[in-house]
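Chemist: Below is a structure I'd like to ask you about.
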Amino acid sequence: MRYTFRRMIQAAILLFGASVLTFLFSALAPGNYFDEMRLNPQISPETIISLRGQYHLDRPLPVRYVQWVNSLIHGEMGFSFAYNSPVGPLLWVRARNTLILTLTATLIAWAIALPLGIWSAATAGRWPDRVLSWATASFLVLPDLLLALCLLILAVRSGWFPTGGLVSTGFETLLPFGKFRDIVMHLTLPVTALVLSSLPILIRHVRAAIGEVLGAPFLRAAEGHGIPRRRLLYRYALRAAANPLISLFGFSIGALLSGSFLVEVVMSWPGLGPLMLEAILARDLYVVIGGVLLSTLFLVGGNFIADMMLYWADPRIRTEAATQ
Amino acid sequence: MLFRCENDQPLLRAENLEKRYKRADALDSKEEVAALSEVSFSIFPRTTLALVGESGSGKSTLALCLACLERPTSGNIWFGEREVTALNEKELRAIRPQIQLVFQDPASSLNPGWTALEIVSEPLLVQQRLGKQARRAKAHALLEQVGIPAEKASKRPGIFSGGQRQRLAIARALALEPKVLILDEALSALDCSVQAQIVNLLLELQTSLGLTYLFISHDFAMAAHLSDQIAVMHQGRIVETGSVETVVHAPKHTVTQRLITAAMGSPALPYPPKVA
C-alpha cells in the first residue's frame with residue numbers, strides 16, 4: 001500500500017514538472033497564433049494587441065500558468081484560438097478516437113506477439129524461428145509511412161475498406177449492429193498499419209525474454225519433473241520472463257496517445273494526431289500544451305500500471321517493498 | 001558401503017552415444033561439433049559412477065541426454081529394461097521423474113520467485129501425485145530430510161546460502177522419489193566446508209533411499225572420494241573407465257594422469273577412496 005502511495009506521489013511530481021516545462025518551452029518558442037494576423041493588412045495592430053490581451057498572452061508567464069491550472073481544474077485546459085472553444089472538450093473527443101484505435105491495435109499486437117514470440121524462442125534456430133526472424137526483420141526496416149500508404153493503395157484499389165474517418169456519412173441512421181460494423185470497417189486499415197509496425201518489435205522482445213530464461217536450469221529441472229512442453233512455456237517460462245515484458249507493456253500504454261500520430265495523419269483518422277499537427281503549425285498554444293500533457297499523463301500512467309503489475313507478478317519486488 | 005552384486009542388471013546403460021550440434025557461430029554453416037562420440041558405460045543400482053573431465057569435455061551434454069532432456073544424435077540408452085532412446089515425447093515425460101538432475105549453480109536452478117516450500121512441492125504438483133494436504137506434508141518432510149530448518153520453508157531462494165540452496169535443489173530432485181540422481185557439478189560452486197556437508201548428506205541419502213548417483217565433476221579427488229566407478233571424459237569420448245582404485249593408482253591415459261595431478265598436486269590421495 002505504501003509502495004502504491006509512494007509511486008502516486010512520484011507520478012504527481014512528474015506531471016507537475018512536465019506541465020511547468022511544457023509551459024516554459026512553448027513560451028520560449030518563437031512566434032504565436034496572432035503573428036499570422038499581423039501579415040494581414042486588413043487587421044489593425046490595435047486589434048491584435050487587444051486580442052492578445054483578451055487571451056491574457058500579454059501577462060507574465062507565472063500568472064498565465066496559474067490561470068491555466070485554474071482552468072484545468074474546471075476541465076477547460078485553456079482556450080483554443082483556432083477552434084474558439086475550451087481545449088478540454090476538444091481534446092477529449094480526439095483522445096477518445098485515438099484510444100479506440102490504439103487500444104484495439106495494442107491488444108491485437110500483444111495477442112499475436114506473445115504466442116509467436118514464444119514459438120520463435122521455443123524453436124530457436126529451426127525453421128519457424130528463422131521464418132519469423134526474417135519476417136520481423138523485414139517489417140522492422142519498412143517505414144510506418146510506407147506501410148500505411150501501401151494499405152491505403154490496397155483499400156482504394158480494392159474498395160473493400162473506407163479510406164478515412166471514424167464513421168460513414170449516415171452513421172446515425174444505422175442500427176446498433178450496423179454502427180458497430182461501420183466502426184470496425186473504418187478501424188481495420190489504421191489498426192492493421194499500427195499492428196504491423198509494432199508487431200516485429202514486440203515479437204523480438206518476447207523471443208529474447210523467453211529465450212533468456214528457457215536455458216535456465218530451473219526450467220530444465222521442471223522439464224525433468226515431467227511437465228508438458230506447452231505448460232512449461234506458457235506458465236513457467238512466460239512467468240519467469242514476465243518482468244521486461246511488463247515494463248514493455250507499460251511503455252506501450254504510454255505510447256497509446258502519441259504512437260499513432262503518423263498513421264492517423266496519413267489515414268485521416270480524426271484522432272489527436274491531425275489536431276496536434278495543425279495546432280503546432282498554427283501555434284495554437286493551449287492545444288499543444290494540453291496534448292503534450294495528456295501524452296505525459298499516459299506515459300506516467302502506463303509506467304504506474306506496469307509498476308503495479310510488476311508488484312503483483314513478482315513476489316521478490318513485494319518483499320523488497322515491504323522491507324523498505 | 002554398498003557393494004554391487006555381480007548378477008545385478010545395470011540400472012542405466014548407454015551404448016555408442018553420439019551427440020552432434022550445429023555450430024552456432026556460423027550463419028548457414030553445415031559444420032557440426034561432436035559433443036559426444038562413442039560413449040558407452042553402465043551404472044549399477046545403488047552405486048555411484050563419477051564422470052570426470054575438463055570443462056567442455058561433454059559431461060553436461062551427457063547428463064542432459066541421460067536425464068531424457070536432450071535426444072542423442074545416435075546410440076541407445078537403457079533405463080532398466082526400457083530403451084529410452086526409442087520412446088516418444090509423451091513416454092519420455094513419464095520416465096523423466098525417475099532420473100533427476102541437480103545442477104551446478106544453485107542460484108539459477110531454483111525459481112527465484114517461489115518459496116522453498118513451493119519449490120519442493122512443484123514436482124509433486126506437476127505429477128498430480130498427492131492431495132493438497134499430503135503434498136504439503138511431503139514437502140515439509142523433504143526439507144527436513146535435507147536439513148533445511150522449518151522456519152525457512154516460506155522464504156525465497158534469494159536469502160538462502162549456497163549450501164542451503166543446493167540442499168533445496170536436492171530436496172526438489174528427491175520429491176518424485178527418483179531411482180537415479182545426476183549431480184552435474186553439484187558441488188563445484190560451493191566452498192570446501194560446505195562441500196563436505198553436502199557430500200555427507202548425499203552419502204546418507206544414498207544409504208537410506210537406495211539411490212544411484214551419476215556424479216559429474218572436474219575435481220578428481222572429490223570424485224574418487226564419492227564413487228565406486230570412475231569414467232574419464234576427454235573431447236566427447238570416455239577415455240578410461242574402471243573402479244576407483246585402478247583408475248587412481250594406475251591411470252593409463254595421459255588425460256587421467258593430468259586430472260589427478262591437477263586435483264591433488266601429486267598422485268597421492270587426500271581423501272580415502274570410498275571402496276576400500
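Every chain in the C-alpha cells has a letter given in the order shown (A, B, ...), and although residue numbers restart at 1 in each chain, ligands are simply numbered from 1 in the order shown.
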Skipping near chain neighbours, those fewer than 5 positions away, what residues fall within 9 Å of Val102 in chain B using only C-alpha atoms, listed as a list in words?

Modeler: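 Contacts, with the query itself left out: Pro217 and Ala221 of chain A; Ser109, Gln166, Ala169, Ile170, Arg172, Ala173, Leu181, Ile182, Leu183, Asp184, Glu185 and Ala186 of chain B.
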
Chemist: Pick out each residue of range 74-264 of chain B that DSSP on the backbone tags as helix (DSSP H, G or I); I need them as a ChimeraX atom specification.

Modeler: /B:84-86,89-98,106-109,116-127,132-145,150-152,157-159,162-174,192-209,220-226,244-249,254-264

Chemist: Write out, as a tab-separated table, each residue of chain B that has an atom at most 7 Å from chain A, together with the closest pair of atoms and their distance in Å to one decimal, counting only C-alpha atoms, rows going by chain and rising number.

Modeler:
residue	atom	partner	partner_atom	distance
B:Leu69	CA	A:Gly224	CA	6.9
B:Arg93	CA	A:Gly226	CA	4.5
B:Ala94	CA	A:Gly226	CA	6.3
B:Arg96	CA	A:Gly224	CA	5.3
B:Pro97	CA	A:His225	CA	5.0
B:Gln100	CA	A:Gly224	CA	6.3
B:Leu101	CA	A:Ala221	CA	6.7
B:Phe103	CA	A:Pro217	CA	6.8
B:Ser108	CA	A:Pro217	CA	6.0
B:Ser109	CA	A:Phe218	CA	4.0
B:Leu110	CA	A:Phe218	CA	5.1
B:Asn111	CA	A:Phe218	CA	5.7
B:Gly113	CA	A:Pro315	CA	5.9
B:Pro123	CA	A:His225	CA	5.4
B:Val126	CA	A:Ile227	CA	5.9

Chemist: Using only C-alpha atoms, please write the residues we just selected to a file, as a short mmCIF file (atom, residue, chain, number, x, y, z; two decimals), in the first residue's frame.

Modeler:
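Saved as selection-v9.cif:
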data_model
loop_
_atom_site.label_atom_id
_atom_site.label_comp_id
_atom_site.auth_asym_id
_atom_site.auth_seq_id
_atom_site.Cartn_x
_atom_site.Cartn_y
_atom_site.Cartn_z
CA LEU B 69 16.11 -33.79 -21.71
CA ARG B 93 7.67 -37.42 -19.77
CA ALA B 94 6.65 -40.47 -17.74
CA ARG B 96 11.86 -38.30 -16.56
CA PRO B 97 10.75 -38.26 -12.89
CA GLN B 100 16.53 -36.27 -11.61
CA LEU B 101 19.20 -33.62 -12.00
CA PHE B 103 22.75 -28.52 -11.30
CA SER B 108 19.83 -20.24 -11.21
CA SER B 109 18.48 -23.73 -10.74
CA LEU B 110 15.80 -22.56 -8.30
CA ASN B 111 12.91 -20.44 -9.45
CA GLY B 113 10.01 -16.20 -7.35
CA PRO B 123 7.35 -31.61 -8.91
CA VAL B 126 3.28 -31.29 -11.90
#

Chemist: Determine, counting only C-alpha atoms, which protein, DNA and RNA residues have an atom within 10 Å of an atom of Ile99 in chain B; residues of the same chain fewer than 5 positions away are not included. Present the result as number ranges by chain.

Modeler: A: 224-225; B: 12, 66-68, 79, 173-174, 176-182, 212-213

Chemist: Which polymer residues have any atom within 12 Å of an atom of Ala231 in chain B, counting only C-alpha atoms, with same-chain residues fewer than 6 positions away left out, as a ChimeraX atom specification?

Modeler: /B:39-43,48-53,59,214-218,220,223-224,237-244,246-248,251,253,255-256

Chemist: Would you save the residues of that selection, restricted to N, CA and C atoms, as a compact mmCIF listing (two decimals), in the first residue's frame?

Modeler:
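For reference, result.txt as written:
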# COMPACT_ATOMS: atom_id res chain seq x y z
N VAL B 39 30.17 -43.02 -26.76
CA VAL B 39 30.14 -43.09 -25.30
C VAL B 39 29.33 -44.31 -24.87
N SER B 40 29.96 -45.22 -24.15
CA SER B 40 29.27 -46.39 -23.62
C SER B 40 29.67 -46.59 -22.17
N PHE B 41 28.69 -46.89 -21.31
CA PHE B 41 29.00 -47.22 -19.91
C PHE B 41 27.75 -47.76 -19.25
N SER B 42 27.91 -48.32 -18.06
CA SER B 42 26.77 -48.81 -17.29
C SER B 42 26.88 -48.31 -15.87
N ILE B 43 25.72 -48.01 -15.26
CA ILE B 43 25.70 -47.70 -13.83
C ILE B 43 24.84 -48.75 -13.16
N THR B 48 27.71 -45.43 -7.31
CA THR B 48 27.98 -44.11 -7.84
C THR B 48 29.01 -44.22 -8.95
N LEU B 49 28.66 -43.65 -10.09
CA LEU B 49 29.64 -43.54 -11.16
C LEU B 49 30.06 -42.09 -11.25
N ALA B 50 31.36 -41.85 -11.21
CA ALA B 50 31.83 -40.47 -11.37
C ALA B 50 32.25 -40.27 -12.81
N LEU B 51 31.86 -39.13 -13.34
CA LEU B 51 32.23 -38.78 -14.70
C LEU B 51 33.15 -37.57 -14.57
N VAL B 52 34.43 -37.79 -14.86
CA VAL B 52 35.40 -36.72 -14.62
C VAL B 52 35.96 -36.25 -15.95
N GLY B 53 36.17 -34.95 -16.04
CA GLY B 53 36.76 -34.43 -17.27
C GLY B 53 36.89 -32.93 -17.19
N LYS B 59 30.59 -33.54 -20.53
CA LYS B 59 29.94 -34.14 -19.37
C LYS B 59 28.49 -33.71 -19.22
N LEU B 214 24.98 -40.48 -10.54
CA LEU B 214 25.98 -40.17 -11.55
C LEU B 214 26.59 -38.85 -11.12
N PHE B 215 27.84 -38.91 -10.68
CA PHE B 215 28.47 -37.74 -10.11
C PHE B 215 29.41 -37.12 -11.14
N ILE B 216 29.02 -35.94 -11.64
CA ILE B 216 29.82 -35.30 -12.68
C ILE B 216 30.68 -34.22 -12.06
N SER B 217 31.97 -34.23 -12.36
CA SER B 217 32.86 -33.28 -11.70
C SER B 217 34.14 -33.10 -12.50
N HIS B 218 34.83 -31.99 -12.25
CA HIS B 218 36.16 -31.87 -12.80
C HIS B 218 37.20 -32.12 -11.69
N PHE B 220 38.92 -34.45 -9.42
CA PHE B 220 39.20 -35.88 -9.34
C PHE B 220 39.16 -36.39 -7.90
N ALA B 223 35.66 -36.87 -6.76
CA ALA B 223 35.06 -37.99 -7.48
C ALA B 223 35.54 -39.31 -6.87
N ALA B 224 36.82 -39.36 -6.56
CA ALA B 224 37.37 -40.60 -6.01
C ALA B 224 36.79 -40.89 -4.63
N ARG B 237 34.65 -38.12 -25.59
CA ARG B 237 34.84 -39.58 -25.52
C ARG B 237 35.18 -39.99 -24.10
N ILE B 238 34.81 -41.22 -23.75
CA ILE B 238 35.28 -41.77 -22.48
C ILE B 238 36.61 -42.44 -22.76
N VAL B 239 37.67 -41.92 -22.16
CA VAL B 239 38.99 -42.43 -22.49
C VAL B 239 39.47 -43.49 -21.50
N GLU B 240 38.83 -43.54 -20.35
CA GLU B 240 39.25 -44.54 -19.36
C GLU B 240 38.11 -44.79 -18.38
N THR B 241 37.85 -46.06 -18.07
CA THR B 241 36.88 -46.37 -17.02
C THR B 241 37.47 -47.45 -16.13
N GLY B 242 36.90 -47.53 -14.94
CA GLY B 242 37.34 -48.58 -14.04
C GLY B 242 36.94 -48.26 -12.63
N SER B 243 37.27 -49.16 -11.71
CA SER B 243 36.98 -48.91 -10.31
C SER B 243 37.91 -47.79 -9.84
N VAL B 244 37.53 -47.20 -8.70
CA VAL B 244 38.29 -46.04 -8.22
C VAL B 244 39.77 -46.37 -8.04
N THR B 246 41.74 -48.72 -9.35
CA THR B 246 42.54 -48.93 -10.56
C THR B 246 42.81 -47.63 -11.29
N VAL B 247 41.77 -46.78 -11.39
CA VAL B 247 41.96 -45.54 -12.14
C VAL B 247 42.90 -44.59 -11.38
N VAL B 248 42.74 -44.52 -10.06
CA VAL B 248 43.56 -43.59 -9.29
C VAL B 248 45.00 -44.07 -9.19
N PRO B 251 46.59 -44.93 -13.43
CA PRO B 251 45.93 -44.26 -14.55
C PRO B 251 46.67 -44.56 -15.86
N HIS B 253 45.56 -43.35 -19.14
CA HIS B 253 45.50 -42.28 -20.14
C HIS B 253 46.17 -41.01 -19.63
N VAL B 255 45.30 -37.98 -20.06
CA VAL B 255 44.31 -37.03 -19.53
C VAL B 255 44.00 -37.35 -18.07
N THR B 256 43.86 -38.63 -17.77
CA THR B 256 43.59 -39.05 -16.39
C THR B 256 44.73 -38.63 -15.48

Chemist: CA of Pro86 in chain A to CA of Trp68 in chain A: how many Å, to one decimal?

Modeler: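 So the two atoms, CA of Pro86 in chain A and CA of Trp68 in chain A, lie 11.3 Å apart.
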
Chemist: Can you pull out the residues contacting Val199 in chain B? Cut-off 10 Å, using only C-alpha atoms, and skip same-chain residues under 3 positions away; I want them as a CSV table (one decimal) with N, CA and C atoms, in the first residue's frame.

Modeler:
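As written to disk, result-v4.csv reads:
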chain,number,residue,atom,x,y,z
B,186,ALA,N,27.5,-30.6,-9.0
B,186,ALA,CA,26.7,-30.1,-7.9
B,186,ALA,C,27.4,-29.5,-6.8
B,187,LEU,N,28.7,-29.8,-6.6
B,187,LEU,CA,29.5,-29.3,-5.5
B,187,LEU,C,30.4,-28.2,-5.9
B,193,SER,N,34.1,-26.4,3.1
B,193,SER,CA,33.4,-27.0,4.3
B,193,SER,C,32.0,-27.3,3.9
B,194,VAL,N,31.4,-26.5,3.1
B,194,VAL,CA,30.0,-26.7,2.7
B,194,VAL,C,30.0,-28.0,1.8
B,195,GLN,N,31.0,-28.1,0.9
B,195,GLN,CA,31.1,-29.3,0.0
B,195,GLN,C,31.1,-30.5,0.9
B,196,ALA,N,31.9,-30.5,2.0
B,196,ALA,CA,31.9,-31.7,2.8
B,196,ALA,C,30.6,-32.1,3.4
B,202,LEU,N,24.7,-36.4,0.8
B,202,LEU,CA,24.5,-37.3,-0.4
B,202,LEU,C,24.7,-38.8,0.0
B,203,LEU,N,25.8,-39.0,0.7
B,203,LEU,CA,26.1,-40.4,1.1
B,203,LEU,C,25.0,-41.0,2.0
B,204,GLU,N,24.5,-40.1,3.0
B,204,GLU,CA,23.4,-40.6,3.9
B,204,GLU,C,22.2,-40.9,3.1
B,205,LEU,N,21.9,-40.0,2.1
B,205,LEU,CA,20.7,-40.3,1.3
B,205,LEU,C,20.8,-41.5,0.5
B,222,MET,N,37.4,-35.3,-5.3
B,222,MET,CA,36.1,-35.5,-4.8
B,222,MET,C,35.4,-36.7,-5.5
B,225,HIS,N,36.5,-39.8,-3.9
B,225,HIS,CA,36.0,-40.0,-2.5
B,225,HIS,C,34.6,-40.5,-2.5
B,226,LEU,N,33.8,-40.1,-3.5
B,226,LEU,CA,32.4,-40.3,-3.5
B,226,LEU,C,31.9,-41.6,-4.3

Chemist: Find the distance between CA of Glu32 in chain B and CA of Ala121 in chain A and write it in Å to one decimal.

Modeler: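 Calculated distance between CA of Glu32 in chain B and CA of Ala121 in chain A is 21.6 Å.
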
Chemist: Show which residues sit within 7 Å of Gly273 in chain A, as a PyMOL selection string. Count only C-alpha atoms, and ignore same-chain residues fewer than 5 positions away.

Modeler: chain A and resi 261-262+264-265

Chemist: Using Å and a single decimal, report how far CA of Ala111 in chain A sits from CA of Thr98 in chain A.

Modeler: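 That distance, rounded to one decimal, is 19.8 Å.
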
Chemist: Of the residues A:Asn243, A:Leu21, A:Leu194, A:Gly259, which is the one nearest to Val206 in chain A, using only C-alpha atoms?

Modeler: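 Looking at the shortest contact to Val206 in chain A, the residue is A:Asn243.
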
Chemist: If we count only C-alpha atoms, what is near Gly170 in chain A at a cut-off of 12 Å, once residues fewer than 6 positions away on the same chain are taken out, given as a ChimeraX atom specification?

Modeler: /A:178-179,182
